[in-house]
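Engineer: Mind looking over this structure? Questions follow.
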Amino acid sequence: MPNITAPHITSNGGQRLLSITGKIWFLVAAIGQMIFIAFILDFYGSRTLTGRFEAWNDKNLITGHVSGDTAGNAMFGIHVLLAAYVTLGGLIQLIPILRRHFPSVHRWNGRAFVVTAILMAIGGFWLTWVRGTHLSVISALSVSLNGVLILVFAPLAVRAAMKRRFDCHRRWALRLFIVVNGVWFFRVTIMAWIVINGGPLGMNKTMSGPADIALEFGSFLVPLAGLQIYLMAQDSSSRATKLAASALVLALTALMAVGIFGATAFMWLPEM
């Protein structure tokens, strides 16, 4: 899965700016995701490795540890801990220097990333619809749509790589990166909304309020739309288009930074 920047950077000022804004977005996202990984390993990893599975419920969860539910508890634990790898694995795939100088690492990590993403998507369906890990039907549908997109984008990225259509592979891989990190984007999006509005405006306890619905679907569909605009701007010969896309990427980066701050301060650090 290649880097987020264009494969060929021209001397055009708009193209350079577009490349810089893409790198800024990735840097901010990487910082936020590393904090998320640290939280998963510290909170869930420590409790799982010491056999204190009931302590998963120290954090407010929809359905965490349930006494007697061996299959559900095992699936939950595996799902959460794999989230740490798939988050880190996705970041590794987007680091250009690793792809250029350690291609075997890029290939094998990419394969592991894709397989893990597919398994987590299937596991997510099971947790949502069989175990009932959802607060409302609308939230379950949002999670399921995210999972469906993972199952669509993953084989398309692999197929393009196998055919050595590397630019096409890069684009599908970037889309896959977005949806695989849907849980992270959702938390960041929620906290950005709360921080900006000074509270949970339009939200309720079952995640079925008007803001909840918009945030649930928008948390991964808006970044996907932003990525598509970014890719289209890379292909465009219009300097104005590149500048407009750069401004959009910076705006989305600023919102993401606010959300990362909120999630770190109020969701992750207090539990570590």
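We name chains A, B, ... following the order of the structure tokens; residues begin at 1 in each chain, and ligands are numbered from 1 as shown.
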Give me, as a VMD selection string, the residues of segment 39-237 of chain A that a backbone DSSP run labels helix (DSSP H, G or I).
Structural biologist: chain A and resid 39 to 49 53 to 58 70 to 93 96 to 101 103 to 130 137 to 162 166 to 180 182 to 197 210 to 235
Engineer: Using only C-alpha atoms, determine which residues lie at most 10 Å from Trp126 of chain A, disregarding the query and same-chain residues fewer than 5 positions distant; provide the list as a list in words.
Structural biologist: Gly72, Met75, Phe76, Met120, Ala121, Arg131, Gly132 and Thr133 of chain A
Engineer: For each of A:Ile62, A:Ala84, A:Ile138, A:Leu252, take the minimum atom-to-atom distance to Pro223 of chain A, counting only C-alpha atoms, then give the residue where this is smallest.
Structural biologist: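 Residue with the minimum atom-to-atom distance to Pro223 of chain A: A:Leu252.
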Engineer: For Arg170 of chain A, which of A:Thr50, A:Asn73, A:Gln93, A:Gln15 is the closest residue, counting only C-alpha atoms?
Structural biologist: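 Of A:Thr50, A:Asn73, A:Gln93, A:Gln15, the one nearest Arg170 of chain A, counting only C-alpha atoms, is A:Gln93.
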Engineer: Considering only C-alpha atoms, give me a table of residues in segment 72-171 of chain A that are at most 8 Å from segment 196-208 of chain A, with the closest atom pair and distance in Å for each, as a tab-separated table.
Structural biologist:
residue	atom	partner	partner_atom	distance
A:Leu135	CA	A:Thr206	CA	4.9
A:Ser136	CA	A:Thr206	CA	5.8
A:Ile138	CA	A:Ser208	CA	6.6
A:Ser139	CA	A:Met207	CA	6.6
Engineer: Export N, CA and C atoms of the chosen residues as an mmCIF file, in the first residue's frame?
Structural biologist:
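In the end it all went to result_28.cif:
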data_model
loop_
_atom_site.group_PDB
_atom_site.id
_atom_site.type_symbol
_atom_site.label_atom_id
_atom_site.label_comp_id
_atom_site.auth_asym_id
_atom_site.auth_seq_id
_atom_site.Cartn_x
_atom_site.Cartn_y
_atom_site.Cartn_z
ATOM 1 N N LEU A 135 -26.080 -0.076 20.127
ATOM 2 C CA LEU A 135 -27.044 0.677 20.926
ATOM 3 C C LEU A 135 -28.342 0.918 20.187
ATOM 4 N N SER A 136 -28.285 0.917 18.863
ATOM 5 C CA SER A 136 -29.478 1.133 18.055
ATOM 6 C C SER A 136 -29.265 0.468 16.700
ATOM 7 N N ILE A 138 -29.631 1.825 13.831
ATOM 8 C CA ILE A 138 -28.941 2.746 12.932
ATOM 9 C C ILE A 138 -27.429 2.681 13.152
ATOM 10 N N SER A 139 -27.006 2.553 14.424
ATOM 11 C CA SER A 139 -25.569 2.433 14.693
ATOM 12 C C SER A 139 -25.036 1.109 14.176
#
Engineer: Quick one: residues within 12 Å of Met34 of chain A, only C-alpha atoms, excluding same-chain residues fewer than 3 positions away - as a PDB file with all heavy atoms, in the first residue's frame?
Structural biologist:
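out.pdb, freshly written:
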ATOM      1  N   PHE A  26      -1.408  13.011   7.129  1.00  0.00           N
ATOM      2  CA  PHE A  26      -0.921  11.714   7.572  1.00  0.00           C
ATOM      3  C   PHE A  26      -0.191  11.821   8.905  1.00  0.00           C
ATOM      4  O   PHE A  26      -0.360  10.971   9.787  1.00  0.00           O
ATOM      5  CB  PHE A  26       0.003  11.108   6.519  1.00  0.00           C
ATOM      6  CG  PHE A  26       0.640   9.823   6.973  1.00  0.00           C
ATOM      7  CD1 PHE A  26      -0.117   8.664   7.084  1.00  0.00           C
ATOM      8  CD2 PHE A  26       1.984   9.779   7.294  1.00  0.00           C
ATOM      9  CE1 PHE A  26       0.461   7.474   7.516  1.00  0.00           C
ATOM     10  CE2 PHE A  26       2.569   8.595   7.718  1.00  0.00           C
ATOM     11  CZ  PHE A  26       1.809   7.442   7.829  1.00  0.00           C
ATOM     12  N   LEU A  27       0.611  12.852   9.080  1.00  0.00           N
ATOM     13  CA  LEU A  27       1.359  13.028  10.318  1.00  0.00           C
ATOM     14  C   LEU A  27       0.418  13.193  11.507  1.00  0.00           C
ATOM     15  O   LEU A  27       0.610  12.556  12.554  1.00  0.00           O
ATOM     16  CB  LEU A  27       2.290  14.237  10.212  1.00  0.00           C
ATOM     17  CG  LEU A  27       3.097  14.580  11.475  1.00  0.00           C
ATOM     18  CD1 LEU A  27       4.015  13.418  11.837  1.00  0.00           C
ATOM     19  CD2 LEU A  27       3.907  15.858  11.255  1.00  0.00           C
ATOM     20  N   VAL A  28      -0.605  14.038  11.340  1.00  0.00           N
ATOM     21  CA  VAL A  28      -1.573  14.246  12.429  1.00  0.00           C
ATOM     22  C   VAL A  28      -2.324  12.956  12.725  1.00  0.00           C
ATOM     23  O   VAL A  28      -2.507  12.574  13.887  1.00  0.00           O
ATOM     24  CB  VAL A  28      -2.553  15.383  12.068  1.00  0.00           C
ATOM     25  CG1 VAL A  28      -3.670  15.490  13.105  1.00  0.00           C
ATOM     26  CG2 VAL A  28      -1.811  16.706  11.957  1.00  0.00           C
ATOM     27  N   ALA A  29      -2.765  12.257  11.666  1.00  0.00           N
ATOM     28  CA  ALA A  29      -3.474  10.985  11.857  1.00  0.00           C
ATOM     29  C   ALA A  29      -2.572   9.971  12.552  1.00  0.00           C
ATOM     30  O   ALA A  29      -3.026   9.238  13.444  1.00  0.00           O
ATOM     31  CB  ALA A  29      -3.943  10.441  10.513  1.00  0.00           C
ATOM     32  N   ALA A  30      -1.297   9.898  12.161  1.00  0.00           N
ATOM     33  CA  ALA A  30      -0.371   8.937  12.748  1.00  0.00           C
ATOM     34  C   ALA A  30      -0.196   9.191  14.246  1.00  0.00           C
ATOM     35  O   ALA A  30      -0.160   8.243  15.046  1.00  0.00           O
ATOM     36  CB  ALA A  30       0.982   8.999  12.035  1.00  0.00           C
ATOM     37  N   ILE A  31      -0.093  10.451  14.640  1.00  0.00           N
ATOM     38  CA  ILE A  31       0.040  10.778  16.061  1.00  0.00           C
ATOM     39  C   ILE A  31      -1.193  10.295  16.826  1.00  0.00           C
ATOM     40  O   ILE A  31      -1.089   9.649  17.879  1.00  0.00           O
ATOM     41  CB  ILE A  31       0.231  12.292  16.249  1.00  0.00           C
ATOM     42  CG1 ILE A  31       1.592  12.728  15.702  1.00  0.00           C
ATOM     43  CG2 ILE A  31       0.106  12.681  17.733  1.00  0.00           C
ATOM     44  CD1 ILE A  31       1.792  14.229  15.646  1.00  0.00           C
ATOM     45  N   ILE A  37      -3.348   3.249  19.791  1.00  0.00           N
ATOM     46  CA  ILE A  37      -2.681   1.958  19.956  1.00  0.00           C
ATOM     47  C   ILE A  37      -2.181   1.809  21.392  1.00  0.00           C
ATOM     48  O   ILE A  37      -2.331   0.749  22.018  1.00  0.00           O
ATOM     49  CB  ILE A  37      -1.520   1.818  18.960  1.00  0.00           C
ATOM     50  CG1 ILE A  37      -2.043   1.735  17.524  1.00  0.00           C
ATOM     51  CG2 ILE A  37      -0.663   0.592  19.284  1.00  0.00           C
ATOM     52  CD1 ILE A  37      -0.965   1.845  16.473  1.00  0.00           C
ATOM     53  N   ALA A  38      -1.569   2.882  21.916  1.00  0.00           N
ATOM     54  CA  ALA A  38      -1.063   2.843  23.296  1.00  0.00           C
ATOM     55  C   ALA A  38      -2.203   2.579  24.272  1.00  0.00           C
ATOM     56  O   ALA A  38      -2.051   1.818  25.236  1.00  0.00           O
ATOM     57  CB  ALA A  38      -0.361   4.155  23.631  1.00  0.00           C
ATOM     58  N   PHE A  39      -3.361   3.199  24.031  1.00  0.00           N
ATOM     59  CA  PHE A  39      -4.518   2.977  24.894  1.00  0.00           C
ATOM     60  C   PHE A  39      -4.969   1.516  24.836  1.00  0.00           C
ATOM     61  O   PHE A  39      -5.219   0.896  25.872  1.00  0.00           O
ATOM     62  CB  PHE A  39      -5.665   3.890  24.473  1.00  0.00           C
ATOM     63  CG  PHE A  39      -7.011   3.409  24.932  1.00  0.00           C
ATOM     64  CD1 PHE A  39      -7.368   3.479  26.269  1.00  0.00           C
ATOM     65  CD2 PHE A  39      -7.912   2.859  24.026  1.00  0.00           C
ATOM     66  CE1 PHE A  39      -8.604   3.001  26.706  1.00  0.00           C
ATOM     67  CE2 PHE A  39      -9.142   2.390  24.441  1.00  0.00           C
ATOM     68  CZ  PHE A  39      -9.490   2.459  25.789  1.00  0.00           C
ATOM     69  N   ILE A  40      -5.081   0.963  23.638  1.00  0.00           N
ATOM     70  CA  ILE A  40      -5.529  -0.428  23.492  1.00  0.00           C
ATOM     71  C   ILE A  40      -4.589  -1.378  24.238  1.00  0.00           C
ATOM     72  O   ILE A  40      -5.032  -2.249  24.999  1.00  0.00           O
ATOM     73  CB  ILE A  40      -5.598  -0.830  22.010  1.00  0.00           C
ATOM     74  CG1 ILE A  40      -6.704  -0.050  21.291  1.00  0.00           C
ATOM     75  CG2 ILE A  40      -5.861  -2.337  21.878  1.00  0.00           C
ATOM     76  CD1 ILE A  40      -6.722  -0.282  19.794  1.00  0.00           C
ATOM     77  N   LEU A  41      -3.279  -1.205  24.045  1.00  0.00           N
ATOM     78  CA  LEU A  41      -2.312  -2.096  24.671  1.00  0.00           C
ATOM     79  C   LEU A  41      -2.295  -1.921  26.179  1.00  0.00           C
ATOM     80  O   LEU A  41      -2.190  -2.902  26.931  1.00  0.00           O
ATOM     81  CB  LEU A  41      -0.921  -1.849  24.081  1.00  0.00           C
ATOM     82  CG  LEU A  41      -0.756  -2.185  22.598  1.00  0.00           C
ATOM     83  CD1 LEU A  41       0.653  -1.853  22.126  1.00  0.00           C
ATOM     84  CD2 LEU A  41      -1.074  -3.656  22.329  1.00  0.00           C
ATOM     85  N   ALA A  83      -7.146  -4.891  16.748  1.00  0.00           N
ATOM     86  CA  ALA A  83      -7.282  -3.483  16.357  1.00  0.00           C
ATOM     87  C   ALA A  83      -5.964  -2.744  16.530  1.00  0.00           C
ATOM     88  O   ALA A  83      -5.648  -1.826  15.756  1.00  0.00           O
ATOM     89  CB  ALA A  83      -8.381  -2.814  17.178  1.00  0.00           C
ATOM     90  N   ALA A  84      -5.180  -3.133  17.540  1.00  0.00           N
ATOM     91  CA  ALA A  84      -3.882  -2.490  17.751  1.00  0.00           C
ATOM     92  C   ALA A  84      -2.958  -2.783  16.574  1.00  0.00           C
ATOM     93  O   ALA A  84      -2.287  -1.884  16.057  1.00  0.00           O
ATOM     94  CB  ALA A  84      -3.258  -2.968  19.055  1.00  0.00           C
ATOM     95  N   TYR A  85      -2.921  -4.067  16.142  1.00  0.00           N
ATOM     96  CA  TYR A  85      -2.052  -4.395  15.009  1.00  0.00           C
ATOM     97  C   TYR A  85      -2.528  -3.738  13.722  1.00  0.00           C
ATOM     98  O   TYR A  85      -1.730  -3.157  12.976  1.00  0.00           O
ATOM     99  CB  TYR A  85      -1.954  -5.903  14.768  1.00  0.00           C
ATOM    100  CG  TYR A  85      -1.438  -6.151  13.376  1.00  0.00           C
ATOM    101  CD1 TYR A  85      -0.130  -5.803  13.038  1.00  0.00           C
ATOM    102  CD2 TYR A  85      -2.284  -6.590  12.345  1.00  0.00           C
ATOM    103  CE1 TYR A  85       0.339  -5.926  11.733  1.00  0.00           C
ATOM    104  CE2 TYR A  85      -1.826  -6.724  11.055  1.00  0.00           C
ATOM    105  CZ  TYR A  85      -0.514  -6.387  10.753  1.00  0.00           C
ATOM    106  OH  TYR A  85      -0.064  -6.476   9.460  1.00  0.00           O
ATOM    107  N   VAL A  86      -3.832  -3.842  13.429  1.00  0.00           N
ATOM    108  CA  VAL A  86      -4.302  -3.356  12.130  1.00  0.00           C
ATOM    109  C   VAL A  86      -4.119  -1.841  12.026  1.00  0.00           C
ATOM    110  O   VAL A  86      -3.880  -1.311  10.938  1.00  0.00           O
ATOM    111  CB  VAL A  86      -5.777  -3.769  11.898  1.00  0.00           C
ATOM    112  CG1 VAL A  86      -6.754  -2.819  12.583  1.00  0.00           C
ATOM    113  CG2 VAL A  86      -6.083  -3.881  10.415  1.00  0.00           C
ATOM    114  N   THR A  87      -4.189  -1.143  13.158  1.00  0.00           N
ATOM    115  CA  THR A  87      -3.943   0.303  13.144  1.00  0.00           C
ATOM    116  C   THR A  87      -2.479   0.583  12.849  1.00  0.00           C
ATOM    117  O   THR A  87      -2.146   1.423  12.001  1.00  0.00           O
ATOM    118  CB  THR A  87      -4.343   0.931  14.489  1.00  0.00           C
ATOM    119  OG1 THR A  87      -5.717   0.632  14.767  1.00  0.00           O
ATOM    120  CG2 THR A  87      -4.171   2.447  14.458  1.00  0.00           C
ATOM    121  N   LEU A  88      -1.588  -0.121  13.548  1.00  0.00           N
ATOM    122  CA  LEU A  88      -0.155   0.058  13.319  1.00  0.00           C
ATOM    123  C   LEU A  88       0.234  -0.428  11.927  1.00  0.00           C
ATOM    124  O   LEU A  88       1.010   0.225  11.223  1.00  0.00           O
ATOM    125  CB  LEU A  88       0.645  -0.707  14.377  1.00  0.00           C
ATOM    126  CG  LEU A  88       2.172  -0.643  14.241  1.00  0.00           C
ATOM    127  CD1 LEU A  88       2.659   0.796  14.360  1.00  0.00           C
ATOM    128  CD2 LEU A  88       2.831  -1.523  15.303  1.00  0.00           C
ATOM    129  N   GLY A  89      -0.324  -1.571  11.513  1.00  0.00           N
ATOM    130  CA  GLY A  89       0.000  -2.111  10.200  1.00  0.00           C
ATOM    131  C   GLY A  89      -0.378  -1.177   9.075  1.00  0.00           C
ATOM    132  O   GLY A  89       0.355  -1.053   8.082  1.00  0.00           O
ATOM    133  N   GLY A  90      -1.508  -0.502   9.207  1.00  0.00           N
ATOM    134  CA  GLY A  90      -1.924   0.456   8.196  1.00  0.00           C
ATOM    135  C   GLY A  90      -0.968   1.631   8.094  1.00  0.00           C
ATOM    136  O   GLY A  90      -0.635   2.094   6.994  1.00  0.00           O
ATOM    137  N   LEU A  91      -0.501   2.116   9.249  1.00  0.00           N
ATOM    138  CA  LEU A  91       0.452   3.227   9.249  1.00  0.00           C
ATOM    139  C   LEU A  91       1.760   2.814   8.578  1.00  0.00           C
ATOM    140  O   LEU A  91       2.339   3.572   7.797  1.00  0.00           O
ATOM    141  CB  LEU A  91       0.725   3.682  10.691  1.00  0.00           C
ATOM    142  CG  LEU A  91      -0.417   4.387  11.415  1.00  0.00           C
ATOM    143  CD1 LEU A  91      -0.037   4.642  12.864  1.00  0.00           C
ATOM    144  CD2 LEU A  91      -0.771   5.706  10.724  1.00  0.00           C
ATOM    145  N   ILE A  92       2.218   1.614   8.887  1.00  0.00           N
ATOM    146  CA  ILE A  92       3.475   1.123   8.297  1.00  0.00           C
ATOM    147  C   ILE A  92       3.380   1.096   6.774  1.00  0.00           C
ATOM    148  O   ILE A  92       4.330   1.455   6.065  1.00  0.00           O
ATOM    149  CB  ILE A  92       3.804  -0.284   8.839  1.00  0.00           C
ATOM    150  CG1 ILE A  92       4.205  -0.190  10.316  1.00  0.00           C
ATOM    151  CG2 ILE A  92       4.909  -0.941   8.024  1.00  0.00           C
ATOM    152  CD1 ILE A  92       4.396  -1.528  10.996  1.00  0.00           C
ATOM    153  N   TRP A 184     -11.622   4.220  14.780  1.00  0.00           N
ATOM    154  CA  TRP A 184     -10.818   5.363  15.222  1.00  0.00           C
ATOM    155  C   TRP A 184     -11.413   6.677  14.725  1.00  0.00           C
ATOM    156  O   TRP A 184     -11.565   7.628  15.494  1.00  0.00           O
ATOM    157  CB  TRP A 184      -9.385   5.198  14.709  1.00  0.00           C
ATOM    158  CG  TRP A 184      -8.464   6.309  15.127  1.00  0.00           C
ATOM    159  CD1 TRP A 184      -7.798   6.422  16.312  1.00  0.00           C
ATOM    160  CD2 TRP A 184      -8.105   7.480  14.357  1.00  0.00           C
ATOM    161  NE1 TRP A 184      -7.058   7.582  16.338  1.00  0.00           N
ATOM    162  CE2 TRP A 184      -7.232   8.240  15.150  1.00  0.00           C
ATOM    163  CE3 TRP A 184      -8.450   7.923  13.090  1.00  0.00           C
ATOM    164  CZ2 TRP A 184      -6.690   9.436  14.693  1.00  0.00           C
ATOM    165  CZ3 TRP A 184      -7.909   9.120  12.629  1.00  0.00           C
ATOM    166  CH2 TRP A 184      -7.035   9.862  13.432  1.00  0.00           C
ATOM    167  N   ILE A 260      -8.787  14.420  17.846  1.00  0.00           N
ATOM    168  CA  ILE A 260      -7.707  13.658  18.493  1.00  0.00           C
ATOM    169  C   ILE A 260      -7.436  14.218  19.878  1.00  0.00           C
ATOM    170  O   ILE A 260      -7.266  13.462  20.851  1.00  0.00           O
ATOM    171  CB  ILE A 260      -6.436  13.696  17.627  1.00  0.00           C
ATOM    172  CG1 ILE A 260      -6.640  12.867  16.354  1.00  0.00           C
ATOM    173  CG2 ILE A 260      -5.229  13.179  18.410  1.00  0.00           C
ATOM    174  CD1 ILE A 260      -5.518  13.013  15.340  1.00  0.00           C
ATOM    175  N   THR A 264      -8.120  11.971  23.123  1.00  0.00           N
ATOM    176  CA  THR A 264      -6.977  11.711  23.988  1.00  0.00           C
ATOM    177  C   THR A 264      -7.241  12.191  25.407  1.00  0.00           C
ATOM    178  O   THR A 264      -6.990  11.471  26.386  1.00  0.00           O
ATOM    179  CB  THR A 264      -5.718  12.401  23.434  1.00  0.00           C
ATOM    180  OG1 THR A 264      -5.448  11.918  22.113  1.00  0.00           O
ATOM    181  CG2 THR A 264      -4.516  12.117  24.323  1.00  0.00           C
ATOM    182  N   TRP A 268      -9.086   8.401  26.176  1.00  0.00           N
ATOM    183  CA  TRP A 268      -7.979   7.455  26.231  1.00  0.00           C
ATOM    184  C   TRP A 268      -7.051   7.665  27.427  1.00  0.00           C
ATOM    185  O   TRP A 268      -6.862   6.736  28.211  1.00  0.00           O
ATOM    186  CB  TRP A 268      -7.186   7.516  24.920  1.00  0.00           C
ATOM    187  CG  TRP A 268      -8.010   7.181  23.725  1.00  0.00           C
ATOM    188  CD1 TRP A 268      -9.085   6.318  23.687  1.00  0.00           C
ATOM    189  CD2 TRP A 268      -7.883   7.693  22.389  1.00  0.00           C
ATOM    190  NE1 TRP A 268      -9.614   6.277  22.411  1.00  0.00           N
ATOM    191  CE2 TRP A 268      -8.903   7.090  21.595  1.00  0.00           C
ATOM    192  CE3 TRP A 268      -7.003   8.583  21.777  1.00  0.00           C
ATOM    193  CZ2 TRP A 268      -9.060   7.372  20.230  1.00  0.00           C
ATOM    194  CZ3 TRP A 268      -7.136   8.865  20.423  1.00  0.00           C
ATOM    195  CH2 TRP A 268      -8.161   8.262  19.674  1.00  0.00           C
TER     196      TRP A 268
END
Engineer: Hey, which of A:Asn181, A:Ile150, A:Gly45, A:Gly32 ends up closest to Val258 of chain A? Count only C-alpha atoms.
Structural biologist: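 Closest to Val258 of chain A of all the choices is A:Gly32.
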Engineer: List the neighbours of Pro155 of chain A out to 10 Å using only C-alpha atoms; skip same-chain residues closer than 6 positions along the sequence, and give me the result as a PyMOL selection string.
Structural biologist: chain A and resi 114-115+118+161+172-173+176
Engineer: To one decimal place, how far is atom CA of Asp167 of chain A from atom CA of Ala112 of chain A in Å?
Structural biologist: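 These two atoms are separated by 20.6 Å.
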Engineer: Report, in Å with one decimal, the straight-line distance from atom CA of Ala117 of chain A to atom CA of Ile78 of chain A.
Structural biologist: 12.5 Å
Engineer: Closest to Gly124 of chain A among A:Ile35, A:Ala240, A:Ala247, A:Val183, using only C-alpha atoms?
Structural biologist: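 Going through A:Ile35, A:Ala240, A:Ala247, A:Val183 one by one, the smallest distance to Gly124 of chain A is for A:Val183.
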Engineer: Residues near Leu250 of chain A, anyone? I mean within 10 Å using only C-alpha atoms, not counting same-chain ones fewer than 2 positions away, as a PyMOL selection string.
Structural biologist: chain A and resi 18+20-22+24-25+244-248+252-256
Engineer: Include C-alpha atoms and write out the residues we just selected as a compact mmCIF listing (two decimals), in the first residue's frame.
Structural biologist:
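And here's selection30.txt as it stands now:
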# COMPACT_ATOMS: atom_id res chain seq x y z
CA LEU A 18 -1.23 19.34 -2.32
CA ILE A 20 2.52 18.90 1.65
CA THR A 21 -1.07 18.97 2.91
CA GLY A 22 -1.35 15.22 2.35
CA ILE A 24 0.46 16.95 7.20
CA TRP A 25 -2.81 14.99 7.27
CA ALA A 244 -8.98 24.11 -3.37
CA ALA A 245 -8.29 20.47 -2.55
CA SER A 246 -5.33 21.50 -0.41
CA ALA A 247 -7.56 23.87 1.55
CA LEU A 248 -10.10 21.08 2.05
CA LEU A 252 -10.28 18.18 7.52
CA THR A 253 -6.88 17.90 9.22
CA ALA A 254 -7.78 20.70 11.63
CA LEU A 255 -11.08 18.99 12.53
CA MET A 256 -9.25 15.70 12.98
Engineer: One number please: atom CA of Ala192 of chain A to atom CA of Val137 of chain A, in Å, one decimal.
Structural biologist: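 Going from atom CA of Ala192 of chain A over to atom CA of Val137 of chain A, I get 23.5 Å.
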